[in-house]
$ cat my_file.cif   # mmCIF, C-alpha atoms
data_final
#
loop_
_atom_site.label_atom_id
_atom_site.label_comp_id
_atom_site.auth_asym_id
_atom_site.auth_seq_id
_atom_site.Cartn_x
_atom_site.Cartn_y
_atom_site.Cartn_z
CA MET A 771 -8.03 -39.04 1.21
CA VAL A 772 -7.52 -35.33 1.70
CA ILE A 773 -5.42 -33.83 -1.07
CA ASN A 774 -6.79 -30.28 -1.18
CA VAL A 775 -4.56 -27.42 -0.09
CA THR A 776 -6.20 -24.67 1.91
CA ASN A 777 -4.75 -21.42 3.14
CA PHE A 778 -5.40 -19.52 6.34
CA SER A 779 -7.93 -16.87 5.45
CA ARG A 780 -9.62 -19.04 2.78
CA SER A 781 -8.99 -16.25 0.29
CA GLY A 782 -5.85 -15.80 -1.77
CA LEU A 783 -6.61 -12.09 -2.17
CA TYR A 784 -6.93 -11.62 1.58
CA ASP A 785 -3.63 -13.47 2.15
CA TRP A 786 -1.98 -11.27 -0.47
CA MET A 787 -3.34 -8.13 1.22
CA ALA A 788 -2.25 -9.30 4.68
CA GLN A 789 1.22 -10.02 3.28
CA ARG A 790 1.53 -6.49 1.84
CA VAL A 791 0.12 -4.58 4.82
CA SER A 792 2.24 -6.52 7.32
CA ALA A 793 5.29 -6.05 5.07
CA VAL A 794 4.91 -2.27 5.17
CA VAL A 795 4.52 -2.29 8.97
CA LEU A 796 7.64 -4.46 9.36
CA ALA A 797 9.64 -2.38 6.89
CA VAL A 798 8.85 0.86 8.77
CA TYR A 799 9.56 -0.79 12.15
CA PHE A 800 12.93 -2.29 11.23
CA VAL A 801 14.12 0.76 9.28
CA PHE A 802 13.25 2.89 12.35
CA LEU A 803 15.00 0.48 14.75
CA LEU A 804 18.14 0.16 12.58
CA GLY A 805 18.18 3.95 12.07
CA TYR A 806 17.92 4.45 15.83
CA LEU A 807 20.86 2.11 16.45
CA VAL A 808 22.95 3.77 13.73
CA VAL A 809 22.45 7.28 15.15
CA HIS A 810 23.07 6.11 18.75
CA PRO A 811 26.47 4.39 18.60
CA ASN A 812 27.06 4.84 22.35
CA LEU A 813 23.64 3.62 23.41
CA ASP A 814 23.22 2.89 27.13
CA TYR A 815 20.62 0.91 29.07
CA THR A 816 18.68 3.99 30.28
CA GLN A 817 18.10 5.26 26.73
CA TRP A 818 17.26 1.78 25.42
CA GLU A 819 14.81 1.11 28.23
CA ALA A 820 13.23 4.56 27.81
CA LEU A 821 12.73 3.90 24.08
CA PHE A 822 10.81 0.67 24.64
CA SER A 823 8.82 1.82 27.68
CA GLY A 824 7.16 4.70 25.77
CA SER A 825 3.50 4.01 24.87
CA ALA A 826 4.01 4.82 21.19
CA MET A 827 6.91 2.36 20.90
CA GLN A 828 4.99 -0.32 22.80
CA ILE A 829 2.06 0.01 20.38
CA PHE A 830 4.46 0.08 17.42
CA SER A 831 6.30 -3.03 18.70
CA LEU A 832 3.07 -4.92 19.36
CA LEU A 833 1.85 -4.00 15.88
CA ALA A 834 5.13 -5.28 14.43
CA LEU A 835 4.72 -8.55 16.38
CA VAL A 836 1.21 -9.09 14.99
CA ALA A 837 2.44 -8.18 11.49
CA MET A 838 5.34 -10.63 11.88
CA GLY A 839 2.93 -13.43 12.78
CA ALA A 840 0.73 -12.79 9.74
CA HIS A 841 3.66 -12.19 7.39
CA ALA A 842 5.63 -15.26 8.42
CA TRP A 843 2.53 -17.42 8.28
CA VAL A 844 1.66 -16.44 4.67
CA GLY A 845 5.32 -16.81 3.66
CA MET A 846 5.92 -20.20 5.27
CA TRP A 847 2.57 -21.39 3.94
CA ALA A 848 3.53 -20.37 0.39
CA ILE A 849 6.90 -22.09 0.67
CA SER A 850 5.53 -25.30 2.16
CA THR A 851 2.76 -25.61 -0.44
CA ASP A 852 5.32 -25.07 -3.22
CA TYR A 853 8.05 -27.45 -2.09
CA LEU A 854 6.46 -30.01 0.23
CA THR A 855 4.42 -31.58 -2.54
CA PRO A 856 3.79 -35.09 -3.88
CA MET A 857 6.46 -34.35 -6.53
CA THR A 858 9.18 -33.96 -3.91
CA LEU A 859 7.84 -36.14 -1.10
CA GLY A 860 5.50 -38.64 -2.73
CA LYS A 861 2.50 -40.01 -0.90
CA CYS A 862 3.23 -38.60 2.54
CA ALA A 863 3.42 -34.98 1.26
CA THR A 864 0.11 -33.84 2.75
CA GLY A 865 1.00 -35.21 6.18
CA VAL A 866 4.51 -33.76 6.17
CA ARG A 867 3.22 -30.39 4.97
CA PHE A 868 0.51 -30.32 7.62
CA LEU A 869 3.02 -31.08 10.39
CA PHE A 870 5.46 -28.48 9.00
CA GLN A 871 2.74 -25.82 8.89
CA ALA A 872 1.56 -26.75 12.37
CA GLY A 873 5.15 -26.40 13.61
CA CYS A 874 5.42 -22.96 11.96
CA GLY A 875 2.14 -21.90 13.54
CA ILE A 876 3.26 -22.99 17.00
CA ALA A 877 6.63 -21.25 16.55
CA MET A 878 4.96 -18.00 15.47
CA PHE A 879 2.53 -18.13 18.36
CA THR A 880 5.41 -18.75 20.77
CA PHE A 881 7.35 -15.80 19.31
CA PHE A 882 4.26 -13.64 19.72
CA VAL A 883 3.74 -14.57 23.38
CA TRP A 884 7.47 -14.13 24.07
CA GLY A 885 7.38 -10.68 22.47
CA VAL A 886 4.36 -9.65 24.52
CA GLN A 887 6.12 -10.83 27.69
CA ILE A 888 9.18 -8.73 26.83
CA LEU A 889 7.08 -5.63 26.18
CA TRP A 890 4.94 -6.17 29.30
CA GLY A 891 7.99 -6.81 31.44
CA ILE A 892 9.45 -3.34 30.97
CA MET B 1414 -12.73 -19.05 -25.84
CA LYS B 1415 -10.35 -21.20 -27.82
CA LYS B 1416 -7.38 -22.50 -25.92
CA ALA B 1417 -4.01 -21.49 -27.35
CA VAL B 1418 -2.34 -24.77 -26.37
CA LYS B 1419 -3.45 -28.34 -25.94
CA SER B 1420 -4.03 -29.19 -22.30
CA GLN B 1421 -2.31 -32.56 -22.71
CA ARG B 1422 1.03 -30.94 -23.44
CA PRO B 1423 3.68 -32.24 -21.05
CA VAL B 1424 4.42 -29.73 -18.30
CA ASN B 1425 7.77 -29.60 -16.53
CA LEU B 1426 7.60 -27.90 -13.14
CA ASP B 1427 10.62 -29.68 -11.68
CA LEU B 1428 12.86 -26.80 -10.58
CA ARG B 1429 15.90 -29.09 -10.46
CA THR B 1430 15.80 -29.56 -14.24
CA ILE B 1431 15.04 -25.97 -15.28
CA LYS B 1432 17.75 -23.41 -16.09
CA LEU B 1433 16.86 -20.45 -13.89
CA PRO B 1434 16.87 -16.83 -15.14
CA ILE B 1435 18.09 -13.97 -12.90
CA THR B 1436 14.53 -13.18 -11.79
CA ALA B 1437 14.24 -16.71 -10.39
CA TYR B 1438 17.35 -16.15 -8.25
CA THR B 1439 15.83 -12.92 -6.88
CA SER B 1440 12.72 -14.89 -6.01
CA ILE B 1441 14.40 -17.91 -4.43
CA LEU B 1442 16.73 -15.67 -2.40
CA HIS B 1443 13.69 -13.75 -1.18
CA ARG B 1444 12.27 -17.05 0.06
CA ILE B 1445 15.55 -18.27 1.58
CA SER B 1446 16.08 -14.93 3.37
CA GLY B 1447 12.50 -15.16 4.65
CA VAL B 1448 13.12 -18.59 6.17
CA ILE B 1449 16.40 -17.36 7.71
CA LEU B 1450 14.51 -14.43 9.27
CA PHE B 1451 11.79 -16.76 10.56
CA VAL B 1452 14.45 -18.72 12.47
CA GLY B 1453 16.31 -15.49 13.31
CA ILE B 1454 13.30 -14.05 15.16
CA ALA B 1455 14.30 -16.28 18.08
CA VAL B 1456 17.82 -14.76 18.16
CA LEU B 1457 16.47 -11.20 17.91
CA LEU B 1458 13.85 -11.78 20.63
CA PHE B 1459 16.51 -13.30 22.87
CA ALA B 1460 18.73 -10.23 22.38
CA LEU B 1461 15.80 -7.85 22.98
CA ASP B 1462 14.68 -9.78 26.07
CA THR B 1463 18.16 -9.84 27.61
CA SER B 1464 19.01 -6.23 26.75
CA LEU B 1465 15.79 -4.90 28.28
CA SER B 1466 15.81 -7.14 31.37
CA SER B 1467 18.35 -5.11 33.34
CA GLU B 1468 21.52 -3.01 33.20
CA GLU B 1469 23.57 -6.22 33.47
CA GLY B 1470 21.59 -7.84 30.67
CA PHE B 1471 22.23 -4.85 28.43
CA GLU B 1472 25.97 -5.00 29.11
CA GLN B 1473 25.89 -8.76 28.50
CA VAL B 1474 24.39 -8.29 25.03
CA LYS B 1475 27.03 -5.63 24.33
CA ALA B 1476 29.71 -8.11 25.41
CA TYR B 1477 28.25 -10.83 23.16
CA LEU B 1478 28.46 -8.39 20.24
CA THR B 1479 32.24 -8.15 20.58
CA SER B 1480 32.66 -11.81 19.63
CA PRO B 1481 33.48 -12.41 15.93
CA LEU B 1482 31.06 -15.34 15.73
CA VAL B 1483 28.17 -13.24 17.09
CA LYS B 1484 29.11 -10.38 14.74
CA LEU B 1485 28.94 -12.87 11.85
CA ILE B 1486 25.50 -14.12 12.94
CA VAL B 1487 24.20 -10.56 13.36
CA TRP B 1488 25.61 -9.54 9.98
CA GLY B 1489 24.04 -12.63 8.42
CA LEU B 1490 20.64 -11.85 9.93
CA LEU B 1491 20.84 -8.18 8.93
CA SER B 1492 21.86 -9.22 5.41
CA ALA B 1493 18.81 -11.48 5.17
CA LEU B 1494 16.64 -8.64 6.52
CA LEU B 1495 18.00 -6.06 4.07
CA TYR B 1496 17.77 -8.35 1.06
CA HIS B 1497 14.23 -9.39 2.03
CA LEU B 1498 13.29 -5.72 2.49
CA VAL B 1499 14.71 -4.57 -0.87
CA ALA B 1500 13.19 -7.52 -2.76
CA GLY B 1501 9.92 -6.87 -0.92
CA VAL B 1502 9.87 -3.22 -2.05
CA ARG B 1503 10.28 -4.52 -5.61
CA HIS B 1504 7.13 -6.61 -5.11
CA LEU B 1505 5.22 -3.54 -3.92
CA VAL B 1506 6.43 -1.60 -6.97
CA MET B 1507 5.36 -4.48 -9.22
CA ASP B 1508 1.93 -4.51 -7.51
CA THR B 1509 1.42 -1.00 -8.90
CA GLY B 1510 1.99 -2.38 -12.40
CA HIS B 1511 5.59 -1.23 -12.92
CA GLY B 1512 8.38 -3.56 -13.99
CA GLU B 1513 6.08 -6.45 -14.87
CA THR B 1514 7.41 -7.04 -18.38
CA LEU B 1515 10.27 -9.48 -19.05
CA GLN B 1516 12.74 -6.60 -19.48
CA GLY B 1517 11.31 -4.77 -16.46
CA GLY B 1518 11.58 -7.91 -14.34
CA ILE B 1519 15.21 -8.46 -15.29
CA LEU B 1520 16.06 -4.80 -14.62
CA GLY B 1521 14.22 -4.95 -11.28
CA SER B 1522 16.20 -8.06 -10.29
CA LYS B 1523 19.48 -6.35 -11.13
CA ILE B 1524 18.51 -3.27 -9.11
CA VAL B 1525 17.56 -5.49 -6.14
CA PHE B 1526 20.94 -7.27 -6.26
CA ILE B 1527 22.95 -4.04 -6.56
CA VAL B 1528 21.05 -2.08 -3.88
CA SER B 1529 21.03 -4.95 -1.39
CA ALA B 1530 24.73 -5.72 -2.01
CA VAL B 1531 25.63 -2.10 -1.21
CA LEU B 1532 23.46 -2.10 1.94
CA ILE B 1533 24.88 -5.45 3.08
CA LEU B 1534 28.47 -4.21 2.64
CA LEU B 1535 27.71 -1.00 4.56
CA THR B 1536 26.11 -3.08 7.32
CA GLY B 1537 29.21 -5.26 7.46
CA VAL B 1538 31.34 -2.15 8.00
CA TRP B 1539 28.88 -0.95 10.67
CA VAL B 1540 28.86 -4.27 12.56
CA TRP B 1541 32.70 -4.50 12.59
#
$ encode --input "my_file.cif" --output "C-alpha cells"
Amino acid sequence: MVINVTNFSRSGLYDWMAQRVSAVVLAVYFVFLLGYLVVHPNLDYTQWEALFSGSAMQIFSLLALVAMGAHAWVGMWAISTDYLTPMTLGKCATGVRFLFQAGCGIAMFTFFVWGVQILWGI
Amino acid sequence: MKKAVKSQRPVNLDLRTIKLPITAYTSILHRISGVILFVGIAVLLFALDTSLSSEEGFEQVKAYLTSPLVKLIVWGLLSALLYHLVAGVRHLVMDTGHGETLQGGILGSKIVFIVSAVLILLTGVWVW
C-alpha cells in the first residue's frame, strides 16, 4: 500500500523557493492593483480597459497568474498533507488527500486558463 | 551524536488537545486566509472577466458593488488578502534570520495582528 507523501517538485527546498518567489510577485501585483484602485476612485471602462491592454500589464498579469498557480499549489499541498492524515481520517487518508490535491490542481489549472482567456480577450 | 531524548517518548501532535500560543494563531490564520483566497480567485476572476468584457459589463460590476452583501464579500476577500500578505512578509523577514527566537516570534505575531487589523479597518472604510 502506498503511504509515502510526495510533493510536486520532489524537493522541499525547491517548493520553499517557489513559494517565496511567487509570493513576492503576487504581493507586488496586488499592492499595485489595490493602489491603482485607491487612486482612481472614479474609474471608468476606458481607463480600466487601457490598463489591462498594455503589454507591460499583460505580462505582469500573466506572471501573477503563473505565480498564483505555483503559490496555491504549494500552500494547498502543505495544508492537505498536514490535516488530511491517518490521524484525522484513518485508513482512507491517502485516497482522500490524493483526490483533494487532484481537485486543487484542476481548480488551479482552470483558473489559469480562465485568466489567460480574459487577458487574451481584451 | 547522543540523542537528547529517548525516541520512545510519547508524542502528542493532536492540535485539538494542545493549548495554542499566539504564534500558532498567526500561523493557522495564514492558512485559513490562504484557503479563502484560493476559493476567492473564482470571484475575482469573474469580476475581472465581466468588468473587462464591455462597457455594460464594467457598469454591471459597479452596480454589484453597491449591494451590501457584495461589499461584505469583497471586504472579506480583501481582509484575507491583507492578512495573508502581512503574515507572508513576516515569513520573508524570518527567512533572513530575524525574529526566529521565542520572543521574536511572539513580537512578530503581535505586529502582524496589529498591522493587518489597521489595514483591514481602513479597507472597510474604503469599501463602504
$ interface_residues --input "my_file.cif" --of "chain B" --to "chain A" --cutoff "9 Å" --atoms "all atoms listed in the file" --output "PyMOL selection string"
chain B and resi 1427+1444+1447-1448+1450-1451+1454-1455+1458+1461-1462+1464-1472+1494+1498+1501-1502+1504-1505+1539
$ closest_residue --input "my_file.cif" --among "B:Leu1520, B:Ile1486, B:Ala1460, B:Val1531" --to "Ile1435 of chain B" --atoms "only C-alpha atoms"
B:Leu1520
$ closest_residue --input "my_file.cif" --among "A:Met827, A:Val844, A:Phe868, A:Cys862" --to "Leu783 of chain A" --atoms "all atoms listed in the file"
A:Val844
$ atom_distance --input "my_file.cif" --atom1 "atom CA of Val1506 of chain B" --atom2 "atom CA of Arg780 of chain A"
25.6 Å
$ resolve_selection --input "my_file.cif" --expression "the PyMOL selection byres ((chain B and resi 1495) around 10)" --output "PDB file with C-alpha atoms, in the coordinates of the input"
ATOM      1  CA  ALA A 797       9.640  -2.380   6.890  1.00  0.00           C
ATOM      2  CA  PHE A 800      12.930  -2.290  11.230  1.00  0.00           C
ATOM      3  CA  VAL A 801      14.120   0.760   9.280  1.00  0.00           C
TER       4      VAL A 801
ATOM      5  CA  SER B1446      16.080 -14.930   3.370  1.00  0.00           C
ATOM      6  CA  GLY B1489      24.040 -12.630   8.420  1.00  0.00           C
ATOM      7  CA  LEU B1490      20.640 -11.850   9.930  1.00  0.00           C
ATOM      8  CA  LEU B1491      20.840  -8.180   8.930  1.00  0.00           C
ATOM      9  CA  SER B1492      21.860  -9.220   5.410  1.00  0.00           C
ATOM     10  CA  ALA B1493      18.810 -11.480   5.170  1.00  0.00           C
ATOM     11  CA  LEU B1494      16.640  -8.640   6.520  1.00  0.00           C
ATOM     12  CA  TYR B1496      17.770  -8.350   1.060  1.00  0.00           C
ATOM     13  CA  HIS B1497      14.230  -9.390   2.030  1.00  0.00           C
ATOM     14  CA  LEU B1498      13.290  -5.720   2.490  1.00  0.00           C
ATOM     15  CA  VAL B1499      14.710  -4.570  -0.870  1.00  0.00           C
ATOM     16  CA  ALA B1500      13.190  -7.520  -2.760  1.00  0.00           C
ATOM     17  CA  GLY B1501       9.920  -6.870  -0.920  1.00  0.00           C
ATOM     18  CA  VAL B1528      21.050  -2.080  -3.880  1.00  0.00           C
ATOM     19  CA  SER B1529      21.030  -4.950  -1.390  1.00  0.00           C
ATOM     20  CA  ALA B1530      24.730  -5.720  -2.010  1.00  0.00           C
ATOM     21  CA  LEU B1532      23.460  -2.100   1.940  1.00  0.00           C
ATOM     22  CA  ILE B1533      24.880  -5.450   3.080  1.00  0.00           C
ATOM     23  CA  THR B1536      26.110  -3.080   7.320  1.00  0.00           C
TER      24      THR B1536
END
$ atom_distance --input "my_file.cif" --atom1 "atom CA of His1443 of chain B" --atom2 "atom CA of Val883 of chain A"
26.5 Å
$ axis_aligned_box --input "my_file.cif" --around "segment 801-809 of chain A" --padding-each-side "8 Å" --output "lines of an AutoDock Vina configuration file"
center_x = 18.1
center_y = 3.7
center_z = 12.9
size_x = 25.7
size_y = 23.1
size_z = 23.2
$ atom_distance --input "my_file.cif" --atom1 "atom CA of Trp1541 of chain B" --atom2 "atom CA of Leu1478 of chain B"
9.6 Å
$ residues_around --input "my_file.cif" --residues "Arg867 of chain A" --least-positions-apart "3" --cutoff "7 Å" --atoms "all atoms listed in the file" --output "VMD selection string"
chain A and resid 850 854 863 to 864 870 to 871
$ closest_residue --input "my_file.cif" --among "A:Gly782, A:Trp890, A:Met787, A:Gly865" --to "Ile829 of chain A" --atoms "all atoms listed in the file"
A:Trp890
$ closest_residue --input "my_file.cif" --among "A:Val791, A:Leu869, A:Leu821, A:Val886" --to "Trp847 of chain A" --atoms "all atoms listed in the file"
A:Leu869
$ build_atoms --input "my_file.cif" --residues "segment 857-868 of chain A" --atoms "N, CA and C atoms" --output "compact mmCIF listing (two decimals), in the coordinates of the input"
# COMPACT_ATOMS: atom_id res chain seq x y z
N MET A 857 5.33 -34.22 -5.61
CA MET A 857 6.46 -34.35 -6.53
C MET A 857 7.78 -34.55 -5.78
N THR A 858 7.93 -33.84 -4.65
CA THR A 858 9.18 -33.96 -3.91
C THR A 858 9.11 -35.03 -2.83
N LEU A 859 7.92 -35.26 -2.27
CA LEU A 859 7.84 -36.14 -1.10
C LEU A 859 7.00 -37.40 -1.33
N GLY A 860 6.32 -37.47 -2.47
CA GLY A 860 5.50 -38.64 -2.73
C GLY A 860 4.23 -38.65 -1.91
N LYS A 861 3.82 -39.84 -1.52
CA LYS A 861 2.50 -40.01 -0.90
C LYS A 861 2.32 -39.28 0.42
N CYS A 862 3.40 -39.16 1.20
CA CYS A 862 3.23 -38.60 2.54
C CYS A 862 3.28 -37.08 2.55
N ALA A 863 3.26 -36.44 1.35
CA ALA A 863 3.42 -34.98 1.26
C ALA A 863 2.41 -34.21 2.11
N THR A 864 1.14 -34.59 2.02
CA THR A 864 0.11 -33.84 2.75
C THR A 864 0.36 -33.89 4.25
N GLY A 865 0.73 -35.06 4.75
CA GLY A 865 1.00 -35.21 6.18
C GLY A 865 2.20 -34.40 6.61
N VAL A 866 3.28 -34.50 5.83
CA VAL A 866 4.51 -33.76 6.17
C VAL A 866 4.24 -32.26 6.15
N ARG A 867 3.51 -31.81 5.11
CA ARG A 867 3.22 -30.39 4.97
C ARG A 867 2.37 -29.89 6.13
N PHE A 868 1.37 -30.72 6.51
CA PHE A 868 0.51 -30.32 7.62
C PHE A 868 1.33 -30.16 8.90
